[in-house]
Every structure is written in structure tokens, then in C-alpha cells.
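As provided, upload.txt (compact mmCIF, C-alpha atoms) reads as follows.
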# COMPACT_ATOMS: atom_id res chain seq x y z
CA MET A 1 -103.04 53.38 5.92
CA LYS A 2 -104.92 56.46 7.14
CA ASN A 3 -105.02 57.89 3.62
CA GLU A 4 -106.75 54.73 2.38
CA LEU A 5 -109.30 54.93 5.22
CA SER A 6 -110.03 58.57 4.40
CA ASP A 7 -111.99 57.53 1.31
CA LEU A 8 -114.33 55.15 3.15
CA LEU A 9 -116.75 57.86 4.33
CA ASN A 10 -118.00 61.14 2.94
CA ILE A 11 -116.88 64.05 5.13
CA GLU A 12 -120.02 66.06 4.35
CA GLU A 13 -122.34 63.25 5.44
CA VAL A 14 -120.37 62.58 8.63
CA MET A 15 -120.29 66.24 9.68
CA LYS A 16 -123.99 66.75 8.98
CA LYS A 17 -124.97 63.63 10.90
CA GLU A 18 -122.73 64.37 13.88
CA THR A 19 -123.48 68.11 14.23
CA GLU A 20 -126.95 68.40 12.62
CA LEU A 21 -125.74 71.71 11.20
CA PRO A 22 -126.83 72.87 7.72
CA THR A 23 -124.47 73.60 4.84
CA LYS A 24 -124.65 75.99 1.93
CA ARG A 25 -122.81 76.11 -1.37
CA VAL A 26 -119.92 78.60 -1.66
CA GLY A 27 -118.23 78.23 -5.04
CA LYS A 28 -116.93 74.65 -5.38
CA ASN A 29 -117.11 74.06 -1.62
CA LEU A 30 -119.68 73.94 1.16
CA GLN A 31 -119.87 76.35 4.10
CA MET A 32 -120.85 75.30 7.63
CA THR A 33 -120.85 76.85 11.10
CA CYS A 34 -117.70 75.60 12.80
CA PRO A 35 -118.72 73.04 15.49
CA PHE A 36 -115.46 73.68 17.37
CA HIS A 37 -115.45 77.45 17.92
CA GLY A 38 -118.86 78.55 16.60
CA GLY A 39 -117.75 80.74 13.69
CA SER A 40 -120.69 81.05 11.31
CA ASP A 41 -118.84 81.41 8.01
CA SER A 42 -115.26 80.21 8.54
CA LEU A 43 -115.52 76.47 7.88
CA ARG A 44 -115.36 75.01 4.38
CA ILE A 45 -115.95 71.45 3.21
CA ASP A 46 -113.91 70.52 0.14
CA ILE A 47 -116.16 68.02 -1.64
CA ASN A 48 -113.58 66.96 -4.23
CA ASN A 49 -110.82 66.17 -1.71
CA ASN A 50 -113.18 64.94 1.02
CA ARG A 51 -111.72 67.28 3.65
CA TYR A 52 -112.81 70.19 5.86
CA ASN A 53 -110.96 73.27 7.06
CA CYS A 54 -111.78 76.15 9.41
CA PHE A 55 -109.89 79.32 8.55
CA ALA A 56 -110.40 80.76 12.05
CA CYS A 57 -109.58 78.00 14.56
CA LYS A 58 -107.47 75.94 12.08
CA ALA A 59 -109.44 72.73 12.66
CA GLY A 60 -109.29 70.53 9.60
CA GLY A 61 -108.70 67.12 8.09
CA ASP A 62 -110.67 64.11 6.90
CA TRP A 63 -113.64 62.37 8.55
CA ILE A 64 -111.29 60.44 10.85
CA GLN A 65 -109.71 63.64 12.16
CA PHE A 66 -113.15 65.22 12.56
CA LEU A 67 -114.49 62.38 14.70
CA MET A 68 -111.29 62.28 16.76
CA ASP A 69 -111.59 66.01 17.51
CA TYR A 70 -115.38 66.23 17.79
CA ARG A 71 -115.94 63.06 19.83
CA GLY A 72 -112.63 63.02 21.67
CA PHE A 73 -111.74 59.56 20.36
CA ASN A 74 -108.30 58.14 19.68
CA PHE A 75 -107.62 56.63 16.25
CA LEU A 76 -108.81 53.07 16.98
CA GLU A 77 -111.87 54.30 18.90
CA THR A 78 -112.79 56.39 15.86
CA LEU A 79 -112.66 53.36 13.56
CA GLU A 80 -114.71 51.25 15.99
CA TYR A 81 -117.30 54.05 16.17
CA ALA A 82 -117.41 54.20 12.37
CA GLN A 83 -117.99 50.45 12.20
CA GLU A 84 -120.92 50.67 14.61
CA ASN A 85 -122.55 53.86 13.33
CA TYR A 86 -121.65 54.05 9.62
CA ASN A 87 -121.38 50.34 8.67
CA VAL A 88 -117.75 50.74 7.60
CA ASP A 89 -115.94 47.47 6.92
CA ILE A 90 -112.48 47.77 8.51
CA GLU A 91 -110.16 44.90 9.45
CA LEU A 92 -109.22 46.18 12.91
CA LYS A 93 -107.07 43.17 13.83
CA SER A 94 -104.55 43.73 11.02
CA LEU A 95 -104.72 47.47 11.62
CA LYS A 96 -103.84 47.03 15.30
CA SER A 97 -100.94 44.77 14.25
CA SER A 98 -99.70 47.46 11.87
CA MET A 99 -99.95 50.12 14.59
CA THR A 100 -98.01 47.90 17.01
CA ARG A 101 -95.24 47.57 14.42
CA LYS A 102 -95.14 51.36 13.93
CA ARG A 103 -94.88 51.90 17.70
CA LYS A 104 -91.86 49.58 17.78
CA ILE A 105 -90.22 51.48 14.91
CA LYS A 106 -90.92 54.78 16.69
CA THR A 107 -89.28 53.43 19.86
CA GLN A 108 -86.27 52.30 17.81
CA ALA A 109 -86.03 55.77 16.24
CA LYS A 110 -86.03 57.37 19.69
CA LYS A 111 -83.16 55.13 20.79
CA LEU A 112 -81.13 56.02 17.69
CA ASN A 113 -81.72 59.71 18.32
CA TYR A 114 -80.59 59.29 21.94
CA LYS A 115 -77.39 57.64 20.70
CA LEU A 116 -76.78 60.52 18.29
CA ARG A 117 -77.13 63.12 21.04
CA LYS A 118 -74.93 61.06 23.35
CA ILE A 119 -72.09 60.94 20.78
CA ILE A 120 -72.37 64.69 20.12
CA LYS A 121 -72.20 65.39 23.84
CA ALA A 122 -69.75 62.78 25.12
CA GLY A 123 -68.68 60.39 22.38
CA THR A 124 -65.22 59.10 21.70
CA ARG A 125 -62.94 61.04 19.38
CA GLY A 126 -63.32 58.40 16.65
CA GLU A 127 -67.12 58.44 16.91
CA LYS A 128 -67.20 62.22 16.70
CA ILE A 129 -64.94 62.26 13.63
CA ARG A 130 -67.15 59.74 11.79
CA LEU A 131 -70.31 61.61 12.80
CA LYS A 132 -68.85 64.95 11.72
CA ARG A 133 -68.06 63.53 8.26
CA LEU A 134 -71.64 62.32 7.92
CA LEU A 135 -73.11 65.65 9.00
CA LYS A 136 -70.87 67.48 6.55
CA LYS A 137 -71.83 65.12 3.73
CA TYR A 138 -75.50 65.97 4.14
CA ASN A 139 -75.14 69.65 5.07
CA LEU A 140 -76.38 68.99 8.59
CA PHE A 141 -75.10 70.60 11.75
CA GLU A 142 -74.60 69.64 15.37
CA ASN A 143 -77.15 71.90 17.02
CA LYS A 144 -80.19 71.65 19.26
CA LYS A 145 -82.66 72.10 16.42
CA PHE A 146 -81.08 69.23 14.50
CA THR A 147 -81.36 66.82 17.43
CA ALA A 148 -84.58 68.20 18.92
CA ASP A 149 -86.74 65.25 17.87
CA TYR A 150 -86.05 61.65 16.98
CA SER A 151 -86.35 62.03 13.20
CA VAL A 152 -82.53 61.81 12.97
CA GLY A 153 -80.30 59.30 14.74
CA TYR A 154 -77.06 57.29 14.50
CA TYR A 155 -76.60 53.59 13.78
CA ASN A 156 -73.28 51.76 13.26
CA GLY A 157 -71.57 54.56 11.35
CA MET A 158 -74.70 55.64 9.45
CA LEU A 159 -77.25 58.38 10.00
CA SER A 160 -80.82 57.20 10.54
CA PHE A 161 -83.88 59.17 9.43
CA PHE A 162 -87.47 58.57 10.59
CA ASP A 163 -90.57 59.83 8.76
CA GLY A 164 -93.10 58.66 11.35
CA GLN A 165 -93.54 55.27 9.73
CA GLU A 166 -90.20 53.89 8.55
CA ILE A 167 -86.46 54.34 9.20
CA ILE A 168 -83.81 54.68 6.50
CA LEU A 169 -80.03 54.57 6.96
CA ALA A 170 -77.53 56.64 4.95
CA ASP A 171 -73.74 56.32 4.79
CA GLU A 172 -70.94 58.67 3.75
CA GLY A 173 -71.08 57.51 0.15
CA GLY A 174 -74.64 58.70 -0.32
CA ASN A 175 -76.05 55.16 -0.24
CA TYR A 176 -79.31 54.63 1.62
CA ARG A 177 -81.61 51.74 2.46
CA ILE A 178 -84.83 51.21 4.36
CA VAL A 179 -84.77 49.26 7.62
CA GLY A 180 -86.97 46.17 7.42
CA ASN A 181 -88.50 44.12 4.63
CA LYS A 182 -89.99 46.87 2.46
CA THR A 183 -88.33 47.30 -0.92
CA ASP A 184 -90.49 50.05 -2.45
CA TYR A 185 -91.50 53.12 -0.51
CA ILE A 186 -91.83 56.91 -0.81
CA PHE A 187 -90.01 58.18 2.26
CA ASN A 188 -91.59 61.19 4.01
CA LEU A 189 -94.74 61.06 1.85
CA ASN A 190 -96.94 60.80 4.93
CA ARG A 191 -95.76 64.27 5.91
CA VAL A 192 -97.35 66.01 2.95
CA LYS A 193 -98.28 69.30 4.55
CA LYS A 194 -101.92 70.18 5.08
CA SER A 195 -102.43 73.71 3.78
CA ASN A 196 -104.40 76.32 5.72
CA SER A 197 -106.39 76.71 2.52
CA ILE A 198 -108.13 73.59 1.24
CA ASN A 199 -107.89 74.93 -2.31
CA ARG A 200 -104.15 75.58 -2.31
CA PRO A 201 -101.92 73.07 -4.15
CA GLN A 202 -99.82 70.71 -2.07
CA ILE A 203 -96.52 70.40 -3.93
CA LEU A 204 -94.56 67.16 -3.65
CA LEU A 205 -90.86 67.27 -4.56
CA VAL A 206 -89.52 63.78 -5.38
CA TYR A 207 -85.82 62.84 -5.30
CA ASP A 208 -83.75 59.72 -5.95
CA ASN A 209 -80.55 61.12 -4.41
CA PHE A 210 -80.36 61.20 -0.63
CA ALA A 211 -78.05 64.22 -0.42
CA ASP A 212 -80.42 66.20 -2.67
CA TYR A 213 -83.37 65.15 -0.51
CA ILE A 214 -81.70 66.50 2.66
CA LEU A 215 -80.53 69.66 0.88
CA SER A 216 -84.05 70.28 -0.41
CA LYS A 217 -85.47 70.04 3.12
CA LYS A 218 -83.01 72.75 4.13
CA LEU A 219 -83.65 75.01 1.14
CA PHE A 220 -87.44 74.82 1.13
CA GLU A 221 -87.93 74.82 4.89
CA GLY A 222 -90.05 77.99 4.77
CA TYR A 223 -92.40 76.77 2.04
CA ASN A 224 -95.52 75.65 3.92
CA ASP A 225 -97.08 73.89 0.94
CA VAL A 226 -94.00 71.91 -0.09
CA THR A 227 -93.00 68.41 1.05
CA GLN A 228 -89.80 66.61 0.07
CA SER A 229 -89.85 62.85 -0.51
CA LEU A 230 -87.34 60.17 -1.44
CA ILE A 231 -87.88 57.21 -3.80
CA ILE A 232 -86.86 53.83 -2.41
CA GLY A 233 -86.96 50.92 -4.86
CA ASP A 234 -87.95 50.90 -8.53
CA ASN A 235 -91.51 49.54 -8.51
CA TYR A 236 -93.07 52.75 -9.77
CA GLN A 237 -96.57 51.28 -9.83
CA VAL A 238 -96.32 50.99 -6.03
CA HIS A 239 -95.00 54.55 -5.80
CA GLN A 240 -97.84 55.84 -7.97
CA LYS A 241 -100.41 54.22 -5.72
CA GLN A 242 -98.82 55.68 -2.60
CA ILE A 243 -98.71 59.19 -4.07
CA SER A 244 -102.27 59.03 -5.43
CA LEU A 245 -103.52 58.47 -1.87
CA SER A 246 -101.64 61.48 -0.51
CA ASN A 247 -102.77 65.10 -0.35
CA SER A 248 -100.49 66.05 -3.26
CA SER A 249 -101.82 68.27 -6.03
CA ALA A 250 -98.62 68.68 -8.06
CA ILE A 251 -95.50 66.53 -8.37
CA PHE A 252 -92.02 67.60 -9.40
CA TYR A 253 -89.42 64.86 -9.84
CA ILE A 254 -86.02 66.55 -9.44
CA SER A 255 -83.01 64.54 -10.59
CA ASN A 256 -80.26 64.44 -13.20
CA ASN A 257 -81.23 60.85 -14.11
CA LEU A 258 -83.61 61.41 -17.04
CA GLU A 259 -84.10 57.70 -17.77
CA LYS A 260 -85.26 57.03 -14.23
CA GLN A 261 -87.48 60.12 -14.27
CA ILE A 262 -89.31 58.95 -17.40
CA ARG A 263 -89.82 55.43 -16.01
CA PHE A 264 -91.22 56.96 -12.82
CA ALA A 265 -93.62 59.22 -14.75
CA GLU A 266 -95.19 56.45 -16.86
CA PRO A 267 -97.60 55.03 -14.20
CA PHE A 268 -99.10 58.51 -13.79
CA GLU A 269 -100.49 58.42 -17.34
CA VAL A 270 -104.11 58.04 -16.20
CA ALA A 271 -106.24 58.78 -13.18
CA ASP A 272 -105.88 56.37 -10.28
CA VAL A 273 -108.74 53.85 -10.45
CA LYS A 274 -109.49 53.96 -6.73
CA THR A 275 -109.27 57.68 -6.03
CA ASN A 276 -109.98 59.02 -9.56
CA LYS A 277 -107.15 61.50 -9.01
CA PHE A 278 -105.00 62.51 -11.95
CA LEU A 279 -101.53 63.59 -10.84
CA PRO A 280 -99.23 64.34 -13.78
CA VAL A 281 -95.54 64.40 -12.94
CA LYS A 282 -93.37 67.34 -13.94
CA ILE A 283 -89.85 66.17 -14.65
CA PHE A 284 -87.15 68.67 -13.72
CA ASN A 285 -83.82 67.35 -14.98
CA PHE A 286 -81.52 69.24 -12.65
CA ASP A 287 -78.43 68.70 -10.48
CA LEU A 288 -79.53 70.31 -7.21
CA SER A 289 -76.30 69.74 -5.26
CA SER A 290 -74.07 71.23 -7.98
CA TYR A 291 -76.34 74.26 -8.40
CA TYR A 292 -76.29 74.82 -4.64
CA ASP A 293 -72.49 74.55 -4.44
CA GLN A 294 -72.05 77.04 -7.29
CA ASN A 295 -74.54 79.62 -6.02
CA LYS A 296 -74.65 79.34 -2.22
CA SER A 297 -73.65 82.22 0.03
CA ASP A 298 -74.15 83.03 3.71
CA GLY A 299 -77.76 83.79 4.51
CA ASN A 300 -78.86 83.30 0.90
CA HIS A 301 -81.02 80.19 1.36
CA ILE A 302 -84.32 81.99 0.83
CA GLY A 303 -83.22 83.72 -2.36
CA LEU A 304 -81.63 80.56 -3.70
CA ALA A 305 -84.78 78.55 -2.99
CA GLN A 306 -86.87 81.12 -4.85
CA ASP A 307 -84.53 80.96 -7.86
CA ILE A 308 -84.73 77.16 -7.94
CA PHE A 309 -88.51 77.24 -7.70
CA LYS A 310 -88.72 79.66 -10.63
CA LYS A 311 -86.46 77.41 -12.72
CA MET A 312 -88.43 74.36 -11.65
CA LYS A 313 -91.78 75.77 -12.75
CA ARG A 314 -90.35 77.30 -15.93
CA GLU A 315 -88.26 74.36 -17.13
CA GLY A 316 -90.14 71.34 -15.75
CA SER A 317 -91.59 69.15 -18.51
CA ASN A 318 -94.77 67.06 -18.54
CA TYR A 319 -94.01 63.57 -19.79
CA ILE A 320 -97.17 61.58 -20.41
CA PHE A 321 -97.54 58.20 -22.11
CA TYR A 322 -100.90 57.99 -23.87
CA LEU A 323 -102.78 55.29 -25.77
CA GLY A 324 -106.07 56.44 -27.25
CA GLU A 325 -108.74 54.35 -28.93
CA LYS A 326 -107.88 55.77 -32.36
CA ASN A 327 -104.75 57.82 -31.96
CA ARG A 328 -101.41 56.83 -30.53
CA PHE A 329 -99.12 59.57 -29.30
CA GLU A 330 -95.40 58.99 -29.11
CA SER A 331 -94.28 57.78 -25.70
CA TYR A 332 -93.48 60.60 -23.30
CA GLN A 333 -94.23 63.37 -25.72
CA LYS A 334 -94.20 66.81 -24.19
CA LEU A 335 -97.66 68.25 -23.61
CA GLU A 336 -98.71 71.80 -22.88
CA GLN A 337 -101.04 72.92 -20.09
CA GLY A 338 -104.65 72.53 -21.21
CA ASP A 339 -104.01 69.51 -23.43
CA ILE A 340 -106.61 66.82 -22.94
CA VAL A 341 -105.39 63.44 -21.74
CA ARG A 342 -108.09 60.78 -21.56
CA GLY A 343 -110.69 63.45 -20.94
CA LEU A 344 -108.77 65.12 -18.10
CA LYS A 345 -107.02 68.48 -18.27
CA LEU A 346 -103.49 68.74 -17.01
CA ALA A 347 -103.59 70.73 -13.78
CA LEU A 348 -100.00 71.84 -13.50
CA ILE A 349 -98.45 74.81 -11.78
CA GLN A 350 -97.32 77.52 -14.17

Represent the supplied structure as C-alpha cells.
Amino acid sequence: MKNELSDLLNIEEVMKKETELPTKRVGKNLQMTCPFHGGSDSLRIDINNNRYNCFACKAGGDWIQFLMDYRGFNFLETLEYAQENYNVDIELKSLKSSMTRKRKIKTQAKKLNYKLRKIIKAGTRGEKIRLKRLLKKYNLFENKKFTADYSVGYYNGMLSFFDGQEIILADEGGNYRIVGNKTDYIFNLNRVKKSNSINRPQILLVYDNFADYILSKKLFEGYNDVTQSLIIGDNYQVHQKQISLSNSSAIFYISNNLEKQIRFAEPFEVADVKTNKFLPVKIFNFDLSSYYDQNKSDGNHIGLAQDIFKKMKREGSNYIFYLGEKNRFESYQKLEQGDIVRGLKLALIQ
């Protein structure tokens, strides 16, 4: 929801009006004196992505985050202020209802995490055996870091995982499902990391296998510009819309299911109508779990992650479906970087 609201106002206009500070052009961005700590040349406004970032005090975000920090508002107060002062049309009633639902899910996630910690500390022998099998299945461990927050919990013989918005449940067989009525969702997408540099790509790794998703979080833990996500459902038009509203700059779909990968890539053929973002998908047909089992060694996670990343960028393929006015390319033909697709260059990591 917040990603959709981010496009309602121009960050440059909001910051100028609120601070009355001038800006000047620096390359593709604008420079402004930081209104939070006073640095004269440390704040940049990214016009294309509608975001700001201060390299000194680390303040940054969209216009909503700016008003929350600058005015001291909470989220709803910020939207009410925008309605009154910027003539923004926001349906606050439905938004409040959505936020109430999310608070309930967050409370449920906390309870599941408490149950998990209780079983680890003083559960029955049978409970501990079932939990141990689950933790082993997903390469997780019974330690304080693992149970420090409520993102992981336990529910009727399944592990629960919370991404801040929804809960999914996973069993020993690798099956997973979302709790509630949603059928199509990109789990963990809302945690796309915000880079310290507004120009640095935000890489989204997409999986359709839950064990691979968990393993990826472990392997790429030290990569600040990488976020792992999990596909739920098969309505890829919905997934494309969700991703186009995120802060992602590059997408790698990692799976050994090529048919599903190609179907997922098709909706990304053109720029999103609402955001005008073009996010081509790189398909990396790869069995992550098998590669990890064959190459893992104690203390080798960093080196292994680097090797996988090199393979991913070297072997990932761009699959784009294209229909031109005069020419018709074959479906999902492989394109090279720099090829023009509907007037837009592919911006892929090399």
C-alpha cells in the first residue's frame, strides 16, 4: 500500500515546500542542504525514483517518510496532512481498515514466535523432535538470533514466517501456503532493502521453492542490496504489478522449473503503465539446494554466495516476449544488453 502512495506526490516539490531550501542539479539528481543535520552537500533527490537520501545522517525515503521524519507525524497523520495541504485523494477509511488487519496479523505472528521459543525451551519430547526436523529441513538452527524477533514461529507442526504483512506456513515436505484469503502474493517483497546510495541497484531474487528461499536468505545475508522473495500463486500479472511498485532495479528468478520461469517473465515484457518502470526478468535456471549440498563447507558461506552470484550474472538469460507494430519476434527469444524493446533499453546487471 505504501509503495502505491509513494507515487501520489513529487518528493522534490514536497521537500522544497516544507523546507524552503533551494536545490541544484548534480548529474541526474538534485542536491539540497539536509534539513535534518544541516549538511550542505550530502543530500540527493533522485528524480526518477522519487526518493531522497542523505549520505551523512542516512535519512532517506519517499515523501511519506520525509513528512513523518520532518514533521514528526505517524503514518496516518502524514496522509491526513497530505490531504489538507497537497490535495491528495486518499481513501483513509479503507486504509485504516487495512492497517487494523495488519496489526492483527502482527499480533498473531508474535504469538506464534512465543510458542516457538516456548517449545525450544520447555516443550515436550515429541514437539521438540518435530520442530528439530523442520529446522533441519530448512537449514535453520535453534539459537537466539533465529528466535530474536517474531518473523519465525510454530503452528500445528508447521513453521510460520512473517514478512511484516502476511504469514506463510511451511511443512516438512517443502509445501507452503499463505494464511488468509490471498492466493497470489510475493512474500517478503516489502522488505526490498533501501540502499545507502540512491543510484545503486536493488536486486530482487525470486524463488518458487520454499527451501531455496530460506537457503538464499542464509547465503546472501551480507549482501545489503539483495532481497529474497517467494512466489505464492500463479497469477503473474498480479506479481508483476507488486514488483513494479517496489524499489527493485533488477530481478533474478532462480529455479529449476524453466516453464514456470518463462510464464512468470512474460508480464514484464513492457513498462508498467502506472509507474512507467521497465523491469526485465533474468531467468537463472539453477538448482540452488543441490549446488549448496555439493559445495558447502564450514565457514564457506561467503565464498559460496560469491560463486553463485557470479554464475547468476554470467548465465542468467533475458526472456522477453515482444510484439512490434511491424516485426514479430519469437516468444521469449534471448536478447543481449543494449537491445531495444519498445523504445526502452534493457538495464540488466552484467

note - CA of Ala148 (chain A) and CA of Tyr213 (chain A) are separated by 19.7 Å

Please tell me which residues are no farther than 6 Å from (-89.5, 68.0, -11.3) in the file, counting all atoms listed in the file, and write them as a list in words.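 The answer, in the requested form, is Phe252, Tyr253, Ile254, Lys282, Ile283, Phe284 and Gly316 of chain A.
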
Using all atoms listed in the file, determine which residues lie at most 12 Å from Glu91 (chain A), disregarding the query and same-chain residues fewer than 3 positions distant; provide the list as a ChimeraX atom specification. /A:1,5,76,79-80,83,88,94-98

*Please provide the set of residues having any atom within 10 Å of region 14-21 of chain A, restricted to only C-alpha atoms, with same-chain residues fewer than 2 positions apart removed, written as a ChimeraX atom specification.*
/A:9-12,23,32-35,45,52,62-64,66-67,70-71,82,86

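Take the candidates A:Leu169, A:Leu8, A:Leu288, A:Ile214 and check each one against Ser255 (chain A) using only C-alpha atoms; the shortest distance goes to A:Leu288.
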
One residue among A:Ala109, A:Leu245, A:Leu205, A:Ile308 is nearest to Ile231 (chain A) when using all atoms listed in the file, and that residue is A:Leu205

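The coordinates place CA of Asp225 (chain A) at 24.7 Å from CA of Phe36 (chain A).
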
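Straight-line separation from CA of Ile129 (chain A) to CA of Glu172 (chain A): 12.1 Å.
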
Hey, which of A:Gly60, A:Glu77, A:Asn257, A:Phe309 ends up closest to Val226 (chain A)? Count all atoms listed in the file.
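Nearest candidate to Val226 (chain A) out of A:Gly60, A:Glu77, A:Asn257, A:Phe309: A:Phe309.
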
Ref. answer, residues at most 6 Å from (-98.4, 61.2, 0.6) with only C-alpha atoms, as a count of residues only: 6

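Nearest residue to Tyr207 (chain A), choosing from A:Ala56, A:Asp163, A:Ser289, A:Asp171 and counting all atoms listed in the file: A:Ser289.
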
If I wrap all listed atoms of region 78-81 of chain A in a box with edges along x, y and z and add 3 Å on each side, what are its centre and edge lengths in Å to one decimal, as AutoDock Vina command-line options?
--center_x -115.0 --center_y 53.8 --center_z 14.9 --size_x 10.6 --size_y 11.1 --size_z 8.6

| message | Which residue is closest to Lys111 (chain A)? Choose from A:Glu259, A:Asp149, A:Glu266, A:Asp46 and count only C-alpha atoms. | response |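 Answer, going by the shortest atom-to-atom distance: A:Asp149.
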
Of A:Asn113, A:Asn139, A:Thr124, A:Ser42, the one nearest to Val26 (chain A) when counting all atoms listed in the file is A:Ser42
